[in-house]
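Colleague: Would you mind keeping the following structure in view while I ask a few things?
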Amino acid sequence: MSAPTPTRLGVHLVDDGIEVAVLAPHADAIDLCLFDDHGAEHRIRLDGPDLGVFSARVAGVRAGQRYGLRAHGPWDPAAGLRYNPAKLLVDPYAVGLTGELGYGPETYGHRVDDDLAGDPYGPADDRDSAAHVPHGVVLDLTQDPDADPTRNRPHVPWADTVVYEAHVRGLSARHPGVPADQRGTYAALGHPSLIQHLLRLGVTAVELLPVHACAPEPHLVARGMTNYWGYNTLGFFAPDPRWASAAARAAGPAAVLAELRTAVHRLHEAGIEVLLDVVYNHTSEAGLGGQHLSLRGLDSAVYYLHDGGHPAALADVTGCGNTLDFRRTEVVRLALDSLRFWVQEVGVDGFRFDLAVTLGRGRMGFDPDHPFLVATATDPALQDVKLIAEPWDLGPGGWRTGQFPLAWAEWNDKFRNSTRSFWLADPARATRGDAGHRVRDLATRLSGSVDLFGHSDPPLRRGTRASVNYITAHDGFTLADLVAYEHKHNEANGEQNRDGTDDNRSWNHGIEGPVEATAVAADLLPIRRRSIRNLLGTLLLSAGTPMLTAGDEMGRTQQGNNNAYCQDGELSWLPWELSPWRQDLLATTRHLTALRRAHPALRGQQFYTGRAVDGREPDLAWFDPQGEPFTHERWHDGDLRTLQMLRVRDDDAALLVLNGSLEPQTVTLPPGTDWQLVWDSAWEHPDDARTAAVEGDLDTAGPVLTEPLSLRLYVRPA
């Protein structure tokens, strides 16, 4: 009697060896290829298929064994079938990878010349690729119950969450407090000096740019560059060894995984969650003419979205050459299995999904009730983790902000655009005599974007937490560059400055690029710094879940590069030796997150009604510069650039006063109480409050004079 087909895909250790299961529905046969220390290969033909799965139980195999797969079947590219047993394939379920990817003709399934040009519908290439591709490594995932990676997860409530987007290498590569052999590695994430920075900064979750094993694109390798960001996945279960310490890399994939697990554990001990930026929308195999590394060789027709024509062509809604087909149960299973692995085996606390609309595309386009999206909200292993969508892709109907299910939060690009426009693009237009935007859209963003996230059944269930507010992210200008550049400067990427967006909504304040403190134009430097503080204050004091990009708290610059995806160097790494103004900015950021923690009115989760209930004052109210409630006409006044936002929660009240004009404005604060000024963006450092106290500007109930382009926070004294 034959053994039953394993329910788990991939390679797993069992008592007497390993259990192997590979999904390849259109294949005729699958070989498991075992390699010894000298590179000699031993092939084992798997049984099957049974419901598309080939499997076997192989005795005598132990942890540390290197392996790969070879798939037999028709080479019929016009039908979407690309079986070529000369090509060793990476197991998509491999939890450890070793060896470097080559970029020669051997790694292509079809024949290409030395320039890697060839007809993807042409004959199969018969050169063996085993020496030119990474190999999977069998790992023992058994852990001491006392070392369960999920045991000390912090479970930070959404209302208290402040996300910090960071790159593993960039975060610590230049940190003087981290030992040299740990800088830029997983190990550094758990180093006390880095954790202390995060705690003092007031962030509660580190969102890591992709740590899945990545394969840089051939065109980058040809230019001597790499895919630094990592949005080009080769393996969805294996950590990228590039970001491990040299000692861990030398010890092998088990040590790489252990180093990452340890870092997650130490962050958890400090009360900090770990979120992973994950890329399930495409793989590193690129378009039809790309390399033949894993899914393409196992079953291209099943894993990749095709256009339905003949000859078969890939449908690309990601801009990366291929798209994983989430209409297929097999693809949904792959993504869910990967998510469970990172939660259960590594202990991560949530995920940010790159181009998440692709993951919800069904036969008729995006569907918020797509099986993958429903499964993430109902799977027992995933129910209590944070799920964050990048709610767009490049396909038809690809912009879907606000349309994800209840359990999900979403990047709010409208918050980014409205905030940048109010503080930067509109003032820049005003200096030229041009009109800007009205304040009503900004007001909607400040109060949680109910127009986007309030649609549910019944309405308003998602609350303001669903809006992940951000001003900057890994792609685009840094915060410091937003106030110093109006045009991208991506020449270092080698693409003639064609890459990267041109919709920056930035303002250089009159001069493009850096200005020295001794320059004639040095007077604009304080204005630039105030603009940074305006943006930071808006981010951290608005309703919603704020996301801060690593380095913005210290004025990091990329010298105007708004697409540094291939820049693995000081251009992308955080600076830790801070000039005085950068020290002041860091202190300001810490002060703002402390204010957010201290005042419940800044952290409400429910959408506002603006109504008085049970004799209480309204939870949200808007006032014009004269202290009068906003009228319909005022909301549509194109010249109005000053407004006041009052939020109340329980006994706490917080008043934001925004002056977006180029002139000082006298503002009458709302009546009924004395107000205490706790922050003003005109202050270079929070300690400037002491000067304001001496001058009697902190406690007031009367008119106040606000600086041009400034933001203030008042609270009701206890």
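Residue numbering restarts at 1 in every chain; chains get A, B, ... in the order shown in the structure tokens, and ligands count up from 1 in that same order.
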Residues near range 648-650 of chain A, anyone? I mean within 8 Å using only C-alpha atoms, not counting same-chain ones fewer than 4 positions away, as a ChimeraX atom specification.
Modeller: /A:600-601,604,617-620,654
Colleague: I want to know what sits within 7 Å of range 192-205 of chain A, based on only C-alpha atoms, with residues of the same chain fewer than 4 positions away left out; could you give that as JSON, numbers by chain?
Modeller: {"A": [161, 162, 163, 164, 177, 178, 267, 272, 273, 274, 275, 589, 590, 593, 594]}
Colleague: How many Å separate CA of Leu574 in chain A from CA of Ala689 in chain A?
Modeller: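 So the two atoms, CA of Leu574 in chain A and CA of Ala689 in chain A, lie 28.9 Å apart.
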Colleague: Please provide as a list of chain:residue names all residues within 10 Å of Val450 in chain A, with the sequence filter that same-chain residues fewer than 2 positions apart are discarded (counting only C-alpha atoms).
Modeller: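 So, after excluding close chain neighbours, the residues are A:Gly402, A:Thr444, A:Arg445, A:Ser447, A:Gly448, A:Leu452, A:Phe453, A:Gly454, A:His455, A:Pro459, A:Leu460, A:Arg462, A:Gly463, A:Thr464, A:Ala466, A:Ser467, A:Gln606, A:Phe607, A:Tyr608.
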Colleague: Those same residues - N, CA and C atoms - I'd like them written as a compact mmCIF listing (two decimals), in the first residue's frame.
Modeller:
```
# COMPACT_ATOMS: atom_id res chain seq x y z
N GLY A 402 -9.10 52.25 0.69
CA GLY A 402 -10.34 52.24 1.46
C GLY A 402 -11.25 51.07 1.18
N THR A 444 -10.35 66.44 6.18
CA THR A 444 -10.80 65.05 6.13
C THR A 444 -9.66 64.11 6.47
N ARG A 445 -8.46 64.42 5.99
CA ARG A 445 -7.30 63.56 6.28
C ARG A 445 -6.90 63.64 7.75
N SER A 447 -8.69 64.03 10.25
CA SER A 447 -9.68 63.41 11.14
C SER A 447 -9.92 61.94 10.83
N GLY A 448 -9.05 61.30 10.03
CA GLY A 448 -9.13 59.85 9.86
C GLY A 448 -9.62 59.36 8.52
N LEU A 452 -12.87 57.57 2.93
CA LEU A 452 -12.25 56.38 2.36
C LEU A 452 -12.54 55.13 3.17
N PHE A 453 -12.46 55.23 4.49
CA PHE A 453 -12.48 54.05 5.34
C PHE A 453 -13.78 53.87 6.12
N GLY A 454 -14.75 54.74 5.88
CA GLY A 454 -16.01 54.65 6.60
C GLY A 454 -17.03 53.74 5.96
N HIS A 455 -16.69 53.18 4.78
CA HIS A 455 -17.66 52.34 4.06
C HIS A 455 -17.55 50.90 4.54
N PRO A 459 -21.93 50.94 8.51
CA PRO A 459 -20.89 51.92 8.25
C PRO A 459 -20.04 52.23 9.49
N LEU A 460 -18.84 52.69 9.23
CA LEU A 460 -17.91 53.25 10.23
C LEU A 460 -17.28 52.21 11.14
N ARG A 462 -14.68 50.23 10.65
CA ARG A 462 -13.22 50.09 10.61
C ARG A 462 -12.53 51.09 11.53
N GLY A 463 -13.06 52.28 11.64
CA GLY A 463 -12.46 53.29 12.49
C GLY A 463 -11.22 53.92 11.87
N THR A 464 -10.66 54.88 12.59
CA THR A 464 -9.52 55.65 12.06
C THR A 464 -8.25 54.82 11.98
N ALA A 466 -7.73 52.22 10.47
CA ALA A 466 -7.55 51.66 9.13
C ALA A 466 -6.69 52.54 8.25
N SER A 467 -6.58 53.82 8.60
CA SER A 467 -5.79 54.76 7.80
C SER A 467 -4.36 54.79 8.32
N GLN A 606 -12.28 55.43 16.97
CA GLN A 606 -13.57 55.54 16.30
C GLN A 606 -13.63 56.79 15.44
N PHE A 607 -14.40 56.70 14.37
CA PHE A 607 -14.62 57.90 13.57
C PHE A 607 -15.43 58.91 14.37
N TYR A 608 -15.20 60.16 14.08
CA TYR A 608 -15.85 61.25 14.80
C TYR A 608 -17.25 61.49 14.26
```
Colleague: May I ask which of the residues A:Val439, A:Ala313, A:Val667, A:Leu586 is the closest one to Trp635 in chain A, counting only C-alpha atoms?
Modeller: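 Using only C-alpha atoms, Trp635 in chain A sits closest to A:Val439.
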Colleague: Please list as a PyMOL selection string every residue within 10 Å of range 263-265 of chain A, counting only C-alpha atoms and excluding residues in the same chain fewer than 2 positions away.
Modeller: chain A and resi 147-153+185-191+206+258-261+267-275+346-349
Colleague: Would you list the contacts of Gln403 in chain A as a PDB file with N, CA, C and O atoms, in the first residue's frame, taking every protein, DNA or RNA residue within 10 Å and counting only C-alpha atoms, but skipping same-chain residues closer than 4 positions in sequence?
Modeller:
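The resulting file, result_39.pdb, is reproduced below:
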```pdb
ATOM      1  N   VAL A 357      -3.501  44.965  -4.111  1.00  0.00           N
ATOM      2  CA  VAL A 357      -4.663  44.769  -4.984  1.00  0.00           C
ATOM      3  C   VAL A 357      -4.488  43.509  -5.832  1.00  0.00           C
ATOM      4  O   VAL A 357      -5.453  42.780  -6.090  1.00  0.00           O
ATOM      5  N   PHE A 366     -10.591  43.260  -8.932  1.00  0.00           N
ATOM      6  CA  PHE A 366     -10.409  43.257  -7.475  1.00  0.00           C
ATOM      7  C   PHE A 366     -11.720  42.963  -6.763  1.00  0.00           C
ATOM      8  O   PHE A 366     -12.768  43.495  -7.108  1.00  0.00           O
ATOM      9  N   ASP A 367     -11.607  42.106  -5.738  1.00  0.00           N
ATOM     10  CA  ASP A 367     -12.779  41.705  -4.965  1.00  0.00           C
ATOM     11  C   ASP A 367     -12.410  41.745  -3.479  1.00  0.00           C
ATOM     12  O   ASP A 367     -11.562  40.977  -3.027  1.00  0.00           O
ATOM     13  N   PRO A 368     -13.030  42.635  -2.689  1.00  0.00           N
ATOM     14  CA  PRO A 368     -12.712  42.683  -1.256  1.00  0.00           C
ATOM     15  C   PRO A 368     -13.078  41.407  -0.514  1.00  0.00           C
ATOM     16  O   PRO A 368     -12.614  41.196   0.605  1.00  0.00           O
ATOM     17  N   PRO A 391      -2.694  49.686  -1.103  1.00  0.00           N
ATOM     18  CA  PRO A 391      -3.968  49.392  -1.760  1.00  0.00           C
ATOM     19  C   PRO A 391      -4.038  49.823  -3.228  1.00  0.00           C
ATOM     20  O   PRO A 391      -4.986  50.476  -3.652  1.00  0.00           O
ATOM     21  N   TRP A 399      -6.383  51.340  -8.310  1.00  0.00           N
ATOM     22  CA  TRP A 399      -6.360  52.176  -7.094  1.00  0.00           C
ATOM     23  C   TRP A 399      -7.572  51.836  -6.243  1.00  0.00           C
ATOM     24  O   TRP A 399      -8.715  52.056  -6.634  1.00  0.00           O
ATOM     25  N   TRP A 408      -8.204  44.719   7.850  1.00  0.00           N
ATOM     26  CA  TRP A 408      -7.023  45.315   7.245  1.00  0.00           C
ATOM     27  C   TRP A 408      -6.932  46.814   7.526  1.00  0.00           C
ATOM     28  O   TRP A 408      -7.941  47.513   7.625  1.00  0.00           O
ATOM     29  N   ALA A 409      -5.688  47.297   7.633  1.00  0.00           N
ATOM     30  CA  ALA A 409      -5.392  48.727   7.538  1.00  0.00           C
ATOM     31  C   ALA A 409      -4.765  48.967   6.173  1.00  0.00           C
ATOM     32  O   ALA A 409      -4.350  48.027   5.489  1.00  0.00           O
ATOM     33  N   GLU A 410      -4.670  50.240   5.775  1.00  0.00           N
ATOM     34  CA  GLU A 410      -4.173  50.539   4.431  1.00  0.00           C
ATOM     35  C   GLU A 410      -3.321  51.800   4.427  1.00  0.00           C
ATOM     36  O   GLU A 410      -3.627  52.755   5.152  1.00  0.00           O
ATOM     37  N   LEU A 452     -12.874  57.570   2.934  1.00  0.00           N
ATOM     38  CA  LEU A 452     -12.247  56.382   2.362  1.00  0.00           C
ATOM     39  C   LEU A 452     -12.541  55.126   3.173  1.00  0.00           C
ATOM     40  O   LEU A 452     -12.825  54.065   2.610  1.00  0.00           O
ATOM     41  N   PHE A 453     -12.456  55.232   4.492  1.00  0.00           N
ATOM     42  CA  PHE A 453     -12.478  54.048   5.345  1.00  0.00           C
ATOM     43  C   PHE A 453     -13.780  53.872   6.121  1.00  0.00           C
ATOM     44  O   PHE A 453     -13.904  52.940   6.913  1.00  0.00           O
ATOM     45  N   GLY A 454     -14.745  54.742   5.880  1.00  0.00           N
ATOM     46  CA  GLY A 454     -16.013  54.646   6.601  1.00  0.00           C
ATOM     47  C   GLY A 454     -17.030  53.741   5.958  1.00  0.00           C
ATOM     48  O   GLY A 454     -18.112  53.529   6.500  1.00  0.00           O
ATOM     49  N   HIS A 455     -16.694  53.177   4.776  1.00  0.00           N
ATOM     50  CA  HIS A 455     -17.663  52.343   4.063  1.00  0.00           C
ATOM     51  C   HIS A 455     -17.551  50.900   4.541  1.00  0.00           C
ATOM     52  O   HIS A 455     -16.581  50.200   4.268  1.00  0.00           O
ATOM     53  N   SER A 456     -18.527  50.453   5.267  1.00  0.00           N
ATOM     54  CA  SER A 456     -18.586  49.071   5.751  1.00  0.00           C
ATOM     55  C   SER A 456     -20.037  48.766   6.062  1.00  0.00           C
ATOM     56  O   SER A 456     -20.916  49.620   5.901  1.00  0.00           O
TER      57      SER A 456
END
```
Colleague: Counting only C-alpha atoms, figure out which residue out of A:Ala255, A:Val302, A:Ala315, A:Val211 gets nearest to Arg242 in chain A.
Modeller: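 That would be A:Val211, the residue with the smallest distance to Arg242 in chain A.
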Colleague: Please measure the separation of CA of Leu548 in chain A and CA of Arg582 in chain A, giving the value in Å to one decimal.
Modeller: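 So the answer is 15.9 Å.
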Colleague: Would you mind listing, for every residue of range 256-321 of chain A within 10 Å of range 125-146 of chain A, the two atoms forming the shortest contact and the distance between them in Å to one decimal, using only C-alpha atoms, sorted by chain and ascending residue number, as CSV?
Modeller:
```
residue,atom,partner,partner_atom,distance
A:Leu257,CA,A:Leu139,CA,9.5
A:Ala258,CA,A:Leu141,CA,9.9
A:His292,CA,A:Ser129,CA,9.2
A:Leu293,CA,A:Val133,CA,7.4
```
Colleague: Between CA of Pro580 in chain A and CA of Thr549 in chain A, measure the distance and give it in Å to one decimal.
Modeller: 20.6 Å
Colleague: Measuring between only C-alpha atoms, which one of A:Ala492, A:Leu101, A:Leu382, A:Leu9 shows the shortest distance to Cys566 in chain A?
Modeller: A:Ala492
Colleague: Give me the residues near range 419-430 of chain A as a PyMOL selection string, where near means some atom within 10 Å (using only C-alpha atoms) and where sequence neighbours in that chain fewer than 3 positions away do not count.
Modeller: chain A and resi 413-416+433-439+441-443+445-446+469-472+482-483+486+504-510+528+531-532+534-535+538-539+641+658-662+709-711
Colleague: Which residue gives the smallest distance to Gly627 in chain A among A:Leu677, A:Leu646, A:Trp229, A:Gly500, with only C-alpha atoms counted?
Modeller: A:Leu646
Colleague: Determine, counting only C-alpha atoms, which protein, DNA and RNA residues have an atom within 8 Å of an atom of range 41-53 of chain A; residues of the same chain fewer than 6 positions away are not included. Present the result as a compact mmCIF listing (two decimals) with all heavy atoms, in the first residue's frame.
Modeller:
```txt
# COMPACT_ATOMS: atom_id res chain seq x y z
N THR A 5 -0.31 10.92 0.35
CA THR A 5 0.35 12.15 -0.07
C THR A 5 0.46 13.10 1.12
O THR A 5 -0.54 13.33 1.82
CB THR A 5 -0.45 12.83 -1.19
OG1 THR A 5 -0.57 11.91 -2.28
CG2 THR A 5 0.25 14.09 -1.66
N ALA A 21 7.10 17.16 -0.71
CA ALA A 21 5.88 17.33 -1.51
C ALA A 21 6.02 18.58 -2.37
O ALA A 21 6.37 19.65 -1.87
CB ALA A 21 4.64 17.43 -0.62
N VAL A 22 5.78 18.41 -3.67
CA VAL A 22 5.96 19.50 -4.63
C VAL A 22 4.72 19.60 -5.49
O VAL A 22 4.26 18.59 -6.06
CB VAL A 22 7.20 19.24 -5.52
CG1 VAL A 22 7.36 20.37 -6.54
CG2 VAL A 22 8.46 19.09 -4.67
N LEU A 23 4.17 20.80 -5.58
CA LEU A 23 2.99 21.03 -6.41
C LEU A 23 3.42 21.44 -7.82
O LEU A 23 4.09 22.46 -8.01
CB LEU A 23 2.13 22.13 -5.79
CG LEU A 23 0.84 22.48 -6.55
CD1 LEU A 23 -0.16 21.34 -6.45
CD2 LEU A 23 0.23 23.76 -5.99
N ALA A 24 3.04 20.63 -8.81
CA ALA A 24 3.37 20.93 -10.21
C ALA A 24 2.35 20.22 -11.09
O ALA A 24 2.64 19.19 -11.71
CB ALA A 24 4.79 20.48 -10.54
N PRO A 25 1.12 20.72 -11.17
CA PRO A 25 0.01 19.99 -11.80
C PRO A 25 0.24 19.58 -13.25
O PRO A 25 -0.26 18.52 -13.68
CB PRO A 25 -1.17 20.96 -11.68
CG PRO A 25 -0.83 21.82 -10.50
CD PRO A 25 0.66 21.97 -10.54
N HIS A 26 0.98 20.38 -14.04
CA HIS A 26 1.14 20.05 -15.45
C HIS A 26 2.39 19.24 -15.73
O HIS A 26 2.65 18.87 -16.89
CB HIS A 26 1.18 21.33 -16.29
CG HIS A 26 -0.14 22.02 -16.41
ND1 HIS A 26 -0.52 23.07 -15.61
CD2 HIS A 26 -1.20 21.79 -17.22
CE1 HIS A 26 -1.74 23.47 -15.92
NE2 HIS A 26 -2.18 22.71 -16.90
N ALA A 29 6.83 14.56 -14.34
CA ALA A 29 7.63 13.96 -13.27
C ALA A 29 8.43 15.06 -12.58
O ALA A 29 8.75 16.09 -13.19
CB ALA A 29 8.55 12.88 -13.81
N ILE A 30 8.78 14.80 -11.30
CA ILE A 30 9.62 15.70 -10.52
C ILE A 30 10.74 14.89 -9.88
O ILE A 30 10.49 13.83 -9.29
CB ILE A 30 8.82 16.43 -9.43
CG1 ILE A 30 7.73 17.31 -10.04
CG2 ILE A 30 9.76 17.27 -8.55
CD1 ILE A 30 8.21 18.52 -10.79
N ASP A 31 11.97 15.39 -10.01
CA ASP A 31 13.12 14.78 -9.35
C ASP A 31 13.55 15.64 -8.17
O ASP A 31 13.68 16.87 -8.30
CB ASP A 31 14.31 14.67 -10.31
CG ASP A 31 14.07 13.68 -11.43
OD1 ASP A 31 13.24 12.78 -11.26
OD2 ASP A 31 14.71 13.83 -12.50
N LEU A 32 13.75 14.99 -7.03
CA LEU A 32 14.44 15.62 -5.90
C LEU A 32 15.93 15.39 -6.10
O LEU A 32 16.36 14.24 -6.26
CB LEU A 32 13.98 15.01 -4.58
CG LEU A 32 14.74 15.46 -3.33
CD1 LEU A 32 14.47 16.92 -3.02
CD2 LEU A 32 14.40 14.57 -2.13
N CYS A 33 16.72 16.46 -6.08
CA CYS A 33 18.15 16.38 -6.36
C CYS A 33 18.92 16.73 -5.09
O CYS A 33 18.84 17.86 -4.60
CB CYS A 33 18.53 17.32 -7.48
SG CYS A 33 17.54 17.09 -8.97
N LEU A 34 19.66 15.76 -4.56
CA LEU A 34 20.45 15.94 -3.35
C LEU A 34 21.91 16.13 -3.73
O LEU A 34 22.43 15.41 -4.60
CB LEU A 34 20.30 14.74 -2.42
CG LEU A 34 18.86 14.34 -2.03
CD1 LEU A 34 18.87 13.11 -1.16
CD2 LEU A 34 18.16 15.50 -1.33
N PHE A 35 22.58 17.10 -3.09
CA PHE A 35 23.97 17.42 -3.41
C PHE A 35 24.85 17.16 -2.20
O PHE A 35 24.51 17.56 -1.07
CB PHE A 35 24.09 18.88 -3.84
CG PHE A 35 23.37 19.19 -5.13
CD1 PHE A 35 22.02 19.52 -5.13
CD2 PHE A 35 24.04 19.13 -6.34
CE1 PHE A 35 21.36 19.79 -6.31
CE2 PHE A 35 23.38 19.39 -7.53
CZ PHE A 35 22.04 19.72 -7.52
```
